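Here is the structure we will look at, set down as structure tokens.
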Number of protein chains: 2
Amino acid sequence: MKFEKHIFICTNERNDPNRRSCGEACGMELVKAFKKALNDKGLKGKMRAQRSGCLDACDFGPSMVVYPEGIYYGGVQLSDVDEIVNEHLLNNRPVERLITDFSKVRNSEE
Amino acid sequence: MKFEKHIFICTNERNDPNRRSCGEACGMELVKAFKKALNDKGLKGKMRAQRSGCLDACDFGPSMVVYPEGIYYGGVQLSDVDEIVNEHLLNNRPVERLITDFSKVRNSEE
């Protein structure tokens with residue numbers, strides 16, 4: 001395992017006026033905030049946060065997934081970054097209130 | 001775990017004449033080939049192949065990573081897709097000859 005935690009954050013931009021996408025919300029800002037947080041904590045090289053295409057969780061966006069656990073978070077805001085880093089990434093305590101419940105609505109593909 | 005296997009394929013384009021990037025090699029073609037292979041085998045919904053930004057394995061590109069195992073493959077060609085799908089994804093036998101050996105050279109960040 002190259003990274004203890006590998007975080008993929010959707011930055012997909014759909015450009016559909018009827019349907020927002022994670023990238024249009026705050027995907028890229030989230031990538032930057034996670035990268036900075038990992039860097040500030042000396043975790044660069046051990047953990048990685050990066051952009052990805054559509055994670056197939058558009059209805060819950062802005063979406064991200066943390067591997068190797070495969071835990072999806074939805075509706076993530078910049079104000080959630082510190083909690084995810086401190087609780088989940090550093091202490092393996094996933095942030096329950098943000099975990100995506102896929103039973104709730106139908107997902108849509110990019 | 002939303003997906004039994006989640007495959008992230010680097011499609012990053014660096015646009016540096018001195019340094020090729022996975023996206024300029026065949027990243028997007030690989031995404032399409034994996035998506036088609038998963039679809040053809042009725043695995044859509046169970047497994048997902050998608051594009052991602054730089055996977056921090058540029059020196060080994062075209063690069064991809066399969067989660068939850070966190071196995072990186074490098075130098076992946078379109079002709080390798082069927083073997084990865086049939087051996088690794090369907091039968092949990094990683095394709096040893098393509099696994100990235102990170103001890104070999106220094107990686108470079110996007």
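Convention: chains lettered A, B, ... in structure tokens order; per-chain residue numbering from 1; ligands numbered from 1 as shown.
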
Practice task
Considering only C-alpha atoms, extract the chain B residues located within 12 Å of chain A and return them as JSON, numbers by chain.
Solution key: {"B": [1, 2, 3, 4, 5, 6, 7, 8, 9, 10, 11, 12, 28, 31, 44, 45, 46, 47, 48, 49, 50, 51, 52, 53, 54, 55, 56, 57, 65, 66, 67, 68, 69, 70, 71, 72, 73, 99, 100, 101, 102, 103, 107, 108, 109, 110]}

Export N, CA and C atoms of the chosen residues as a short mmCIF file (atom, residue, chain, number, x, y, z; two decimals), in the first residue's frame?
```
data_model
loop_
_atom_site.label_atom_id
_atom_site.label_comp_id
_atom_site.auth_asym_id
_atom_site.auth_seq_id
_atom_site.Cartn_x
_atom_site.Cartn_y
_atom_site.Cartn_z
N MET B 1 -18.59 -0.67 1.69
CA MET B 1 -17.79 -0.49 0.46
C MET B 1 -18.76 -0.43 -0.72
N LYS B 2 -18.81 0.74 -1.37
CA LYS B 2 -19.76 0.88 -2.49
C LYS B 2 -19.37 -0.02 -3.67
N PHE B 3 -18.06 -0.10 -3.93
CA PHE B 3 -17.59 -0.92 -5.06
C PHE B 3 -16.64 -2.01 -4.57
N GLU B 4 -16.81 -3.21 -5.11
CA GLU B 4 -15.89 -4.30 -4.77
C GLU B 4 -14.48 -3.96 -5.21
N LYS B 5 -14.39 -3.36 -6.38
CA LYS B 5 -13.11 -2.88 -6.90
C LYS B 5 -13.33 -1.49 -7.47
N HIS B 6 -12.45 -0.59 -7.12
CA HIS B 6 -12.55 0.79 -7.62
C HIS B 6 -11.20 1.14 -8.24
N ILE B 7 -11.23 1.35 -9.53
CA ILE B 7 -9.99 1.53 -10.29
C ILE B 7 -9.85 2.99 -10.70
N PHE B 8 -8.76 3.60 -10.28
CA PHE B 8 -8.49 4.99 -10.63
C PHE B 8 -7.34 5.01 -11.64
N ILE B 9 -7.60 5.65 -12.77
CA ILE B 9 -6.62 5.69 -13.85
C ILE B 9 -6.20 7.14 -14.06
N CYS B 10 -4.90 7.37 -14.01
CA CYS B 10 -4.42 8.75 -14.15
C CYS B 10 -4.65 9.26 -15.56
N THR B 11 -5.31 10.42 -15.66
CA THR B 11 -5.47 11.07 -16.97
C THR B 11 -4.87 12.47 -16.93
N ASN B 12 -3.97 12.66 -15.98
CA ASN B 12 -3.34 13.98 -15.83
C ASN B 12 -2.51 14.34 -17.07
N MET B 28 -6.84 8.31 -20.98
CA MET B 28 -8.28 8.34 -21.25
C MET B 28 -8.73 7.11 -22.05
N VAL B 31 -9.23 4.42 -19.54
CA VAL B 31 -10.50 4.56 -18.81
C VAL B 31 -11.63 3.97 -19.64
N LYS B 44 -20.87 -3.48 -14.06
CA LYS B 44 -21.24 -2.09 -13.78
C LYS B 44 -22.08 -2.05 -12.50
N GLY B 45 -21.70 -1.16 -11.59
CA GLY B 45 -22.40 -1.08 -10.30
C GLY B 45 -21.66 -1.83 -9.21
N LYS B 46 -21.01 -2.92 -9.59
CA LYS B 46 -20.21 -3.69 -8.62
C LYS B 46 -18.77 -3.20 -8.59
N MET B 47 -18.27 -2.84 -9.77
CA MET B 47 -16.91 -2.34 -9.89
C MET B 47 -16.94 -1.06 -10.71
N ARG B 48 -15.96 -0.19 -10.48
CA ARG B 48 -15.95 1.07 -11.21
C ARG B 48 -14.53 1.41 -11.64
N ALA B 49 -14.39 1.79 -12.90
CA ALA B 49 -13.13 2.31 -13.42
C ALA B 49 -13.37 3.76 -13.79
N GLN B 50 -12.46 4.62 -13.41
CA GLN B 50 -12.68 6.04 -13.68
C GLN B 50 -11.37 6.79 -13.77
N ARG B 51 -11.48 8.02 -14.27
CA ARG B 51 -10.29 8.86 -14.36
C ARG B 51 -9.97 9.49 -13.01
N SER B 52 -8.71 9.82 -12.87
CA SER B 52 -8.29 10.55 -11.67
C SER B 52 -7.19 11.52 -12.06
N GLY B 53 -6.86 12.42 -11.15
CA GLY B 53 -5.70 13.27 -11.33
C GLY B 53 -4.43 12.46 -11.09
N CYS B 54 -3.33 13.17 -10.98
CA CYS B 54 -2.00 12.55 -10.80
C CYS B 54 -1.99 11.61 -9.59
N LEU B 55 -1.52 10.38 -9.82
CA LEU B 55 -1.48 9.37 -8.76
C LEU B 55 -0.11 9.32 -8.08
N ASP B 56 0.73 10.28 -8.38
CA ASP B 56 2.07 10.35 -7.78
C ASP B 56 2.91 9.14 -8.17
N ALA B 57 2.78 8.74 -9.42
CA ALA B 57 3.57 7.61 -9.92
C ALA B 57 3.97 7.87 -11.36
N VAL B 65 -4.40 2.62 -10.09
CA VAL B 65 -4.39 1.96 -8.80
C VAL B 65 -5.74 1.29 -8.58
N VAL B 66 -5.70 0.10 -8.02
CA VAL B 66 -6.92 -0.66 -7.74
C VAL B 66 -7.15 -0.70 -6.23
N TYR B 67 -8.29 -0.20 -5.79
CA TYR B 67 -8.67 -0.27 -4.37
C TYR B 67 -9.81 -1.24 -4.21
N PRO B 68 -9.96 -1.91 -3.04
CA PRO B 68 -9.34 -1.56 -1.77
C PRO B 68 -7.92 -2.08 -1.55
N GLU B 69 -7.38 -2.86 -2.48
CA GLU B 69 -6.05 -3.42 -2.25
C GLU B 69 -4.94 -2.37 -2.26
N GLY B 70 -5.15 -1.30 -3.05
CA GLY B 70 -4.10 -0.29 -3.17
C GLY B 70 -2.94 -0.76 -4.03
N ILE B 71 -3.22 -1.61 -5.00
CA ILE B 71 -2.17 -2.10 -5.90
C ILE B 71 -2.03 -1.16 -7.08
N TYR B 72 -0.81 -0.65 -7.27
CA TYR B 72 -0.51 0.23 -8.39
C TYR B 72 0.02 -0.60 -9.56
N TYR B 73 -0.48 -0.26 -10.75
CA TYR B 73 0.07 -0.83 -11.96
C TYR B 73 0.70 0.29 -12.77
N ILE B 99 2.84 -4.74 -11.68
CA ILE B 99 2.79 -4.04 -10.39
C ILE B 99 3.98 -3.09 -10.26
N THR B 100 3.68 -1.87 -9.86
CA THR B 100 4.72 -0.85 -9.74
C THR B 100 5.64 -1.14 -8.56
N ASP B 101 6.93 -1.12 -8.84
CA ASP B 101 7.93 -1.29 -7.79
C ASP B 101 8.47 0.10 -7.44
N PHE B 102 7.94 0.66 -6.38
CA PHE B 102 8.29 2.05 -6.05
C PHE B 102 9.72 2.19 -5.52
N SER B 103 10.40 1.07 -5.30
CA SER B 103 11.78 1.18 -4.83
C SER B 103 12.72 1.54 -5.99
N ASN B 107 9.77 9.21 -7.47
CA ASN B 107 8.54 9.68 -8.09
C ASN B 107 8.54 11.19 -8.20
N SER B 108 7.68 11.65 -9.03
CA SER B 108 7.56 13.10 -9.17
C SER B 108 6.12 13.51 -9.08
N GLU B 109 5.90 14.53 -8.37
CA GLU B 109 4.53 15.05 -8.17
C GLU B 109 4.15 15.90 -9.37
N GLU B 110 2.85 15.95 -9.63
CA GLU B 110 2.35 16.80 -10.70
C GLU B 110 2.94 18.19 -10.57
#
```

Take chain A, lay it over chain B with a least-squares fit on all the Cα atoms in order, then hand it over as a short mmCIF file (atom, residue, chain, number, x, y, z; two decimals) with N, CA and C atoms, in the first residue's frame.
```
data_model
loop_
_atom_site.label_atom_id
_atom_site.label_comp_id
_atom_site.auth_asym_id
_atom_site.auth_seq_id
_atom_site.Cartn_x
_atom_site.Cartn_y
_atom_site.Cartn_z
N MET A 1 -18.59 -0.66 1.69
CA MET A 1 -17.80 -0.50 0.47
C MET A 1 -18.76 -0.44 -0.72
N LYS A 2 -18.84 0.73 -1.37
CA LYS A 2 -19.77 0.88 -2.49
C LYS A 2 -19.36 -0.02 -3.67
N PHE A 3 -18.08 -0.11 -3.93
CA PHE A 3 -17.59 -0.91 -5.05
C PHE A 3 -16.65 -2.00 -4.57
N GLU A 4 -16.82 -3.20 -5.11
CA GLU A 4 -15.89 -4.31 -4.76
C GLU A 4 -14.49 -3.97 -5.21
N LYS A 5 -14.39 -3.36 -6.38
CA LYS A 5 -13.10 -2.88 -6.89
C LYS A 5 -13.34 -1.49 -7.46
N HIS A 6 -12.43 -0.59 -7.12
CA HIS A 6 -12.53 0.78 -7.60
C HIS A 6 -11.18 1.13 -8.23
N ILE A 7 -11.21 1.35 -9.53
CA ILE A 7 -9.98 1.53 -10.28
C ILE A 7 -9.85 2.99 -10.68
N PHE A 8 -8.75 3.60 -10.28
CA PHE A 8 -8.47 4.99 -10.63
C PHE A 8 -7.33 5.02 -11.63
N ILE A 9 -7.58 5.65 -12.76
CA ILE A 9 -6.60 5.69 -13.85
C ILE A 9 -6.19 7.14 -14.05
N CYS A 10 -4.89 7.38 -14.02
CA CYS A 10 -4.40 8.75 -14.16
C CYS A 10 -4.63 9.26 -15.57
N THR A 11 -5.29 10.41 -15.67
CA THR A 11 -5.45 11.06 -16.97
C THR A 11 -4.85 12.46 -16.93
N ASN A 12 -3.93 12.66 -15.98
CA ASN A 12 -3.31 13.97 -15.83
C ASN A 12 -2.48 14.34 -17.07
N GLU A 13 -2.65 15.57 -17.53
CA GLU A 13 -1.84 16.08 -18.64
C GLU A 13 -0.98 17.22 -18.12
N ARG A 14 0.32 17.01 -18.16
CA ARG A 14 1.22 17.99 -17.56
C ARG A 14 1.62 19.09 -18.54
N ASN A 15 1.58 18.74 -19.82
CA ASN A 15 1.98 19.70 -20.85
C ASN A 15 3.39 20.24 -20.65
N ASP A 16 4.28 19.35 -20.32
CA ASP A 16 5.69 19.68 -20.17
C ASP A 16 6.45 18.91 -21.24
N PRO A 17 7.09 19.62 -22.18
CA PRO A 17 7.75 18.93 -23.29
C PRO A 17 8.85 17.98 -22.83
N ASN A 18 9.37 18.21 -21.62
CA ASN A 18 10.47 17.38 -21.12
C ASN A 18 10.00 16.17 -20.32
N ARG A 19 8.71 16.07 -20.14
CA ARG A 19 8.23 15.05 -19.23
C ARG A 19 6.82 14.65 -19.63
N ARG A 20 6.68 13.42 -20.11
CA ARG A 20 5.35 12.96 -20.51
C ARG A 20 4.49 12.69 -19.27
N SER A 21 3.20 12.77 -19.45
CA SER A 21 2.31 12.46 -18.34
C SER A 21 1.37 11.35 -18.78
N CYS A 22 0.75 10.71 -17.79
CA CYS A 22 -0.10 9.54 -18.08
C CYS A 22 -1.23 9.90 -19.05
N GLY A 23 -1.80 11.09 -18.87
CA GLY A 23 -2.92 11.49 -19.73
C GLY A 23 -2.51 11.62 -21.17
N GLU A 24 -1.29 12.10 -21.39
CA GLU A 24 -0.82 12.25 -22.76
C GLU A 24 -0.49 10.89 -23.36
N ALA A 25 -0.14 9.92 -22.52
CA ALA A 25 0.17 8.58 -23.02
C ALA A 25 -1.13 7.96 -23.49
N CYS A 26 -1.83 7.28 -22.62
CA CYS A 26 -3.11 6.71 -23.07
C CYS A 26 -4.10 6.61 -21.93
N GLY A 27 -4.00 7.54 -20.97
CA GLY A 27 -4.88 7.51 -19.80
C GLY A 27 -6.36 7.41 -20.14
N MET A 28 -6.84 8.32 -20.98
CA MET A 28 -8.28 8.34 -21.25
C MET A 28 -8.73 7.12 -22.05
N GLU A 29 -7.86 6.64 -22.93
CA GLU A 29 -8.19 5.42 -23.68
C GLU A 29 -8.30 4.24 -22.71
N LEU A 30 -7.44 4.21 -21.71
CA LEU A 30 -7.52 3.14 -20.71
C LEU A 30 -8.83 3.22 -19.92
N VAL A 31 -9.22 4.42 -19.55
CA VAL A 31 -10.49 4.56 -18.82
C VAL A 31 -11.63 3.98 -19.65
N LYS A 32 -11.66 4.36 -20.90
CA LYS A 32 -12.74 3.88 -21.79
C LYS A 32 -12.70 2.36 -21.92
N ALA A 33 -11.51 1.82 -22.08
CA ALA A 33 -11.38 0.37 -22.27
C ALA A 33 -11.79 -0.39 -21.01
N PHE A 34 -11.41 0.12 -19.83
CA PHE A 34 -11.83 -0.54 -18.59
C PHE A 34 -13.34 -0.43 -18.39
N LYS A 35 -13.89 0.74 -18.66
CA LYS A 35 -15.34 0.91 -18.51
C LYS A 35 -16.08 -0.06 -19.42
N LYS A 36 -15.62 -0.18 -20.65
CA LYS A 36 -16.27 -1.09 -21.59
C LYS A 36 -16.14 -2.54 -21.12
N ALA A 37 -14.95 -2.90 -20.65
CA ALA A 37 -14.74 -4.28 -20.20
C ALA A 37 -15.65 -4.61 -19.01
N LEU A 38 -15.75 -3.69 -18.06
CA LEU A 38 -16.61 -3.93 -16.89
C LEU A 38 -18.07 -4.03 -17.32
N ASN A 39 -18.44 -3.17 -18.23
CA ASN A 39 -19.81 -3.18 -18.73
C ASN A 39 -20.12 -4.49 -19.47
N ASP A 40 -19.20 -4.89 -20.32
CA ASP A 40 -19.40 -6.12 -21.10
C ASP A 40 -19.54 -7.34 -20.20
N LYS A 41 -18.90 -7.30 -19.06
CA LYS A 41 -18.94 -8.45 -18.15
C LYS A 41 -20.05 -8.32 -17.10
N GLY A 42 -20.89 -7.31 -17.25
CA GLY A 42 -22.01 -7.15 -16.32
C GLY A 42 -21.58 -6.71 -14.93
N LEU A 43 -20.44 -6.02 -14.84
CA LEU A 43 -19.90 -5.63 -13.53
C LEU A 43 -20.22 -4.18 -13.17
N LYS A 44 -20.89 -3.48 -14.05
CA LYS A 44 -21.24 -2.08 -13.77
C LYS A 44 -22.08 -2.03 -12.48
N GLY A 45 -21.70 -1.15 -11.58
CA GLY A 45 -22.41 -1.06 -10.29
C GLY A 45 -21.66 -1.81 -9.20
N LYS A 46 -21.02 -2.91 -9.57
CA LYS A 46 -20.22 -3.68 -8.59
C LYS A 46 -18.78 -3.18 -8.56
N MET A 47 -18.28 -2.84 -9.76
CA MET A 47 -16.91 -2.34 -9.87
C MET A 47 -16.94 -1.05 -10.69
N ARG A 48 -15.96 -0.20 -10.45
CA ARG A 48 -15.92 1.07 -11.19
C ARG A 48 -14.51 1.40 -11.63
N ALA A 49 -14.38 1.78 -12.90
CA ALA A 49 -13.12 2.30 -13.42
C ALA A 49 -13.37 3.75 -13.78
N GLN A 50 -12.44 4.62 -13.41
CA GLN A 50 -12.66 6.04 -13.67
C GLN A 50 -11.36 6.80 -13.76
N ARG A 51 -11.47 8.01 -14.26
CA ARG A 51 -10.30 8.85 -14.38
C ARG A 51 -9.96 9.49 -13.03
N SER A 52 -8.70 9.82 -12.87
CA SER A 52 -8.29 10.56 -11.68
C SER A 52 -7.19 11.52 -12.08
N GLY A 53 -6.85 12.41 -11.16
CA GLY A 53 -5.69 13.26 -11.35
C GLY A 53 -4.43 12.44 -11.09
N CYS A 54 -3.32 13.15 -11.01
CA CYS A 54 -2.00 12.53 -10.82
C CYS A 54 -1.98 11.61 -9.61
N LEU A 55 -1.52 10.38 -9.82
CA LEU A 55 -1.47 9.37 -8.76
C LEU A 55 -0.10 9.32 -8.08
N ASP A 56 0.75 10.27 -8.39
CA ASP A 56 2.09 10.35 -7.79
C ASP A 56 2.93 9.13 -8.18
N ALA A 57 2.80 8.74 -9.43
CA ALA A 57 3.58 7.60 -9.92
C ALA A 57 3.96 7.86 -11.37
N CYS A 58 4.31 9.13 -11.64
CA CYS A 58 4.55 9.59 -13.02
C CYS A 58 5.65 8.79 -13.72
N ASP A 59 6.69 8.45 -12.97
CA ASP A 59 7.82 7.78 -13.59
C ASP A 59 7.46 6.39 -14.11
N PHE A 60 6.32 5.88 -13.68
CA PHE A 60 5.92 4.52 -14.06
C PHE A 60 4.74 4.51 -15.01
N GLY A 61 4.32 5.67 -15.47
CA GLY A 61 3.08 5.79 -16.23
C GLY A 61 3.08 5.07 -17.55
N PRO A 62 1.91 4.84 -18.13
CA PRO A 62 0.59 5.17 -17.59
C PRO A 62 0.27 4.38 -16.33
N SER A 63 -0.18 5.10 -15.30
CA SER A 63 -0.39 4.51 -13.98
C SER A 63 -1.86 4.40 -13.62
N MET A 64 -2.14 3.41 -12.78
CA MET A 64 -3.48 3.22 -12.24
C MET A 64 -3.35 2.53 -10.89
N VAL A 65 -4.40 2.64 -10.09
CA VAL A 65 -4.39 1.96 -8.79
C VAL A 65 -5.74 1.28 -8.58
N VAL A 66 -5.70 0.09 -8.02
CA VAL A 66 -6.91 -0.66 -7.74
C VAL A 66 -7.14 -0.70 -6.23
N TYR A 67 -8.28 -0.18 -5.79
CA TYR A 67 -8.64 -0.27 -4.37
C TYR A 67 -9.80 -1.23 -4.21
N PRO A 68 -9.96 -1.90 -3.04
CA PRO A 68 -9.34 -1.58 -1.75
C PRO A 68 -7.92 -2.10 -1.55
N GLU A 69 -7.37 -2.86 -2.49
CA GLU A 69 -6.04 -3.43 -2.26
C GLU A 69 -4.93 -2.38 -2.27
N GLY A 70 -5.14 -1.30 -3.03
CA GLY A 70 -4.09 -0.29 -3.16
C GLY A 70 -2.94 -0.76 -4.03
N ILE A 71 -3.22 -1.61 -4.99
CA ILE A 71 -2.17 -2.10 -5.89
C ILE A 71 -2.02 -1.15 -7.08
N TYR A 72 -0.80 -0.65 -7.26
CA TYR A 72 -0.50 0.23 -8.39
C TYR A 72 0.02 -0.60 -9.56
N TYR A 73 -0.48 -0.27 -10.75
CA TYR A 73 0.08 -0.83 -11.97
C TYR A 73 0.71 0.29 -12.78
N GLY A 74 1.81 -0.02 -13.44
CA GLY A 74 2.49 0.97 -14.26
C GLY A 74 2.77 0.46 -15.66
N GLY A 75 3.00 1.40 -16.56
CA GLY A 75 3.25 1.04 -17.95
C GLY A 75 2.10 0.27 -18.57
N VAL A 76 0.90 0.59 -18.12
CA VAL A 76 -0.27 -0.16 -18.57
C VAL A 76 -0.63 0.22 -20.01
N GLN A 77 -0.85 -0.79 -20.81
CA GLN A 77 -1.24 -0.58 -22.20
C GLN A 77 -2.65 -1.12 -22.43
N LEU A 78 -3.25 -0.69 -23.52
CA LEU A 78 -4.61 -1.16 -23.82
C LEU A 78 -4.66 -2.68 -23.90
N SER A 79 -3.56 -3.26 -24.34
CA SER A 79 -3.52 -4.72 -24.48
C SER A 79 -3.47 -5.44 -23.13
N ASP A 80 -3.29 -4.69 -22.04
CA ASP A 80 -3.24 -5.29 -20.70
C ASP A 80 -4.60 -5.32 -20.01
N VAL A 81 -5.56 -4.61 -20.57
CA VAL A 81 -6.84 -4.41 -19.87
C VAL A 81 -7.54 -5.73 -19.58
N ASP A 82 -7.65 -6.59 -20.58
CA ASP A 82 -8.37 -7.86 -20.37
C ASP A 82 -7.73 -8.70 -19.29
N GLU A 83 -6.40 -8.72 -19.27
CA GLU A 83 -5.71 -9.53 -18.26
C GLU A 83 -5.96 -8.98 -16.85
N ILE A 84 -5.91 -7.67 -16.70
CA ILE A 84 -6.17 -7.08 -15.38
C ILE A 84 -7.60 -7.37 -14.94
N VAL A 85 -8.53 -7.24 -15.86
CA VAL A 85 -9.94 -7.50 -15.51
C VAL A 85 -10.14 -8.97 -15.16
N ASN A 86 -9.66 -9.85 -16.01
CA ASN A 86 -9.93 -11.28 -15.80
C ASN A 86 -9.15 -11.86 -14.62
N GLU A 87 -7.91 -11.45 -14.48
CA GLU A 87 -7.09 -12.02 -13.42
C GLU A 87 -7.32 -11.30 -12.08
N HIS A 88 -7.08 -10.02 -12.07
CA HIS A 88 -7.15 -9.29 -10.80
C HIS A 88 -8.59 -9.00 -10.36
N LEU A 89 -9.32 -8.32 -11.20
CA LEU A 89 -10.64 -7.86 -10.75
C LEU A 89 -11.61 -9.01 -10.52
N LEU A 90 -11.59 -9.96 -11.40
CA LEU A 90 -12.55 -11.07 -11.27
C LEU A 90 -12.04 -12.21 -10.40
N ASN A 91 -10.72 -12.41 -10.35
CA ASN A 91 -10.21 -13.58 -9.63
C ASN A 91 -9.18 -13.26 -8.55
N ASN A 92 -9.07 -11.98 -8.24
CA ASN A 92 -8.16 -11.56 -7.15
C ASN A 92 -6.74 -12.10 -7.30
N ARG A 93 -6.31 -12.20 -8.56
CA ARG A 93 -4.92 -12.57 -8.80
C ARG A 93 -4.23 -11.38 -9.46
N PRO A 94 -3.59 -10.51 -8.68
CA PRO A 94 -2.94 -9.33 -9.27
C PRO A 94 -1.95 -9.72 -10.35
N VAL A 95 -1.82 -8.87 -11.35
CA VAL A 95 -0.94 -9.13 -12.48
C VAL A 95 0.48 -8.67 -12.11
N GLU A 96 1.25 -9.60 -11.62
CA GLU A 96 2.56 -9.28 -11.03
C GLU A 96 3.46 -8.48 -11.96
N ARG A 97 3.49 -8.85 -13.23
CA ARG A 97 4.43 -8.22 -14.15
C ARG A 97 4.16 -6.72 -14.32
N LEU A 98 2.98 -6.25 -13.95
CA LEU A 98 2.65 -4.83 -14.12
C LEU A 98 2.66 -4.05 -12.81
N ILE A 99 2.83 -4.74 -11.70
CA ILE A 99 2.78 -4.05 -10.40
C ILE A 99 3.97 -3.10 -10.27
N THR A 100 3.69 -1.88 -9.86
CA THR A 100 4.73 -0.86 -9.74
C THR A 100 5.64 -1.15 -8.55
N ASP A 101 6.93 -1.12 -8.83
CA ASP A 101 7.93 -1.29 -7.78
C ASP A 101 8.48 0.09 -7.43
N PHE A 102 7.94 0.66 -6.38
CA PHE A 102 8.30 2.05 -6.04
C PHE A 102 9.72 2.19 -5.52
N SER A 103 10.38 1.08 -5.29
CA SER A 103 11.77 1.19 -4.83
C SER A 103 12.71 1.56 -5.98
N LYS A 104 12.19 1.45 -7.21
CA LYS A 104 13.08 1.59 -8.37
C LYS A 104 13.55 3.00 -8.67
N VAL A 105 12.65 3.94 -8.74
CA VAL A 105 13.06 5.32 -9.02
C VAL A 105 12.25 6.30 -8.19
N ARG A 106 12.73 7.50 -8.19
CA ARG A 106 12.07 8.57 -7.46
C ARG A 106 10.80 8.98 -8.20
N ASN A 107 9.73 9.22 -7.45
CA ASN A 107 8.50 9.69 -8.06
C ASN A 107 8.51 11.20 -8.17
N SER A 108 7.65 11.69 -9.00
CA SER A 108 7.53 13.14 -9.12
C SER A 108 6.07 13.53 -9.05
N GLU A 109 5.87 14.56 -8.34
CA GLU A 109 4.50 15.06 -8.15
C GLU A 109 4.10 15.89 -9.36
N GLU A 110 2.80 15.92 -9.63
CA GLU A 110 2.26 16.74 -10.70
C GLU A 110 2.81 18.15 -10.59
#
```

Practice task
Please identify which residues in region 13-97 of chain B DSSP calls alpha helix (DSSP H) from the backbone, and express them as a list in words.
Solution key: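 For region 13-97 of chain B, the alpha helix (DSSP H) set is Cys22, Gly23, Glu24, Ala25, Gly27, Met28, Glu29, Leu30, Val31, Lys32, Ala33, Phe34, Lys35, Lys36, Ala37, Leu38, Asn39, Asp40, Val81, Asp82, Glu83, Leu90 and Asn91 of chain B.
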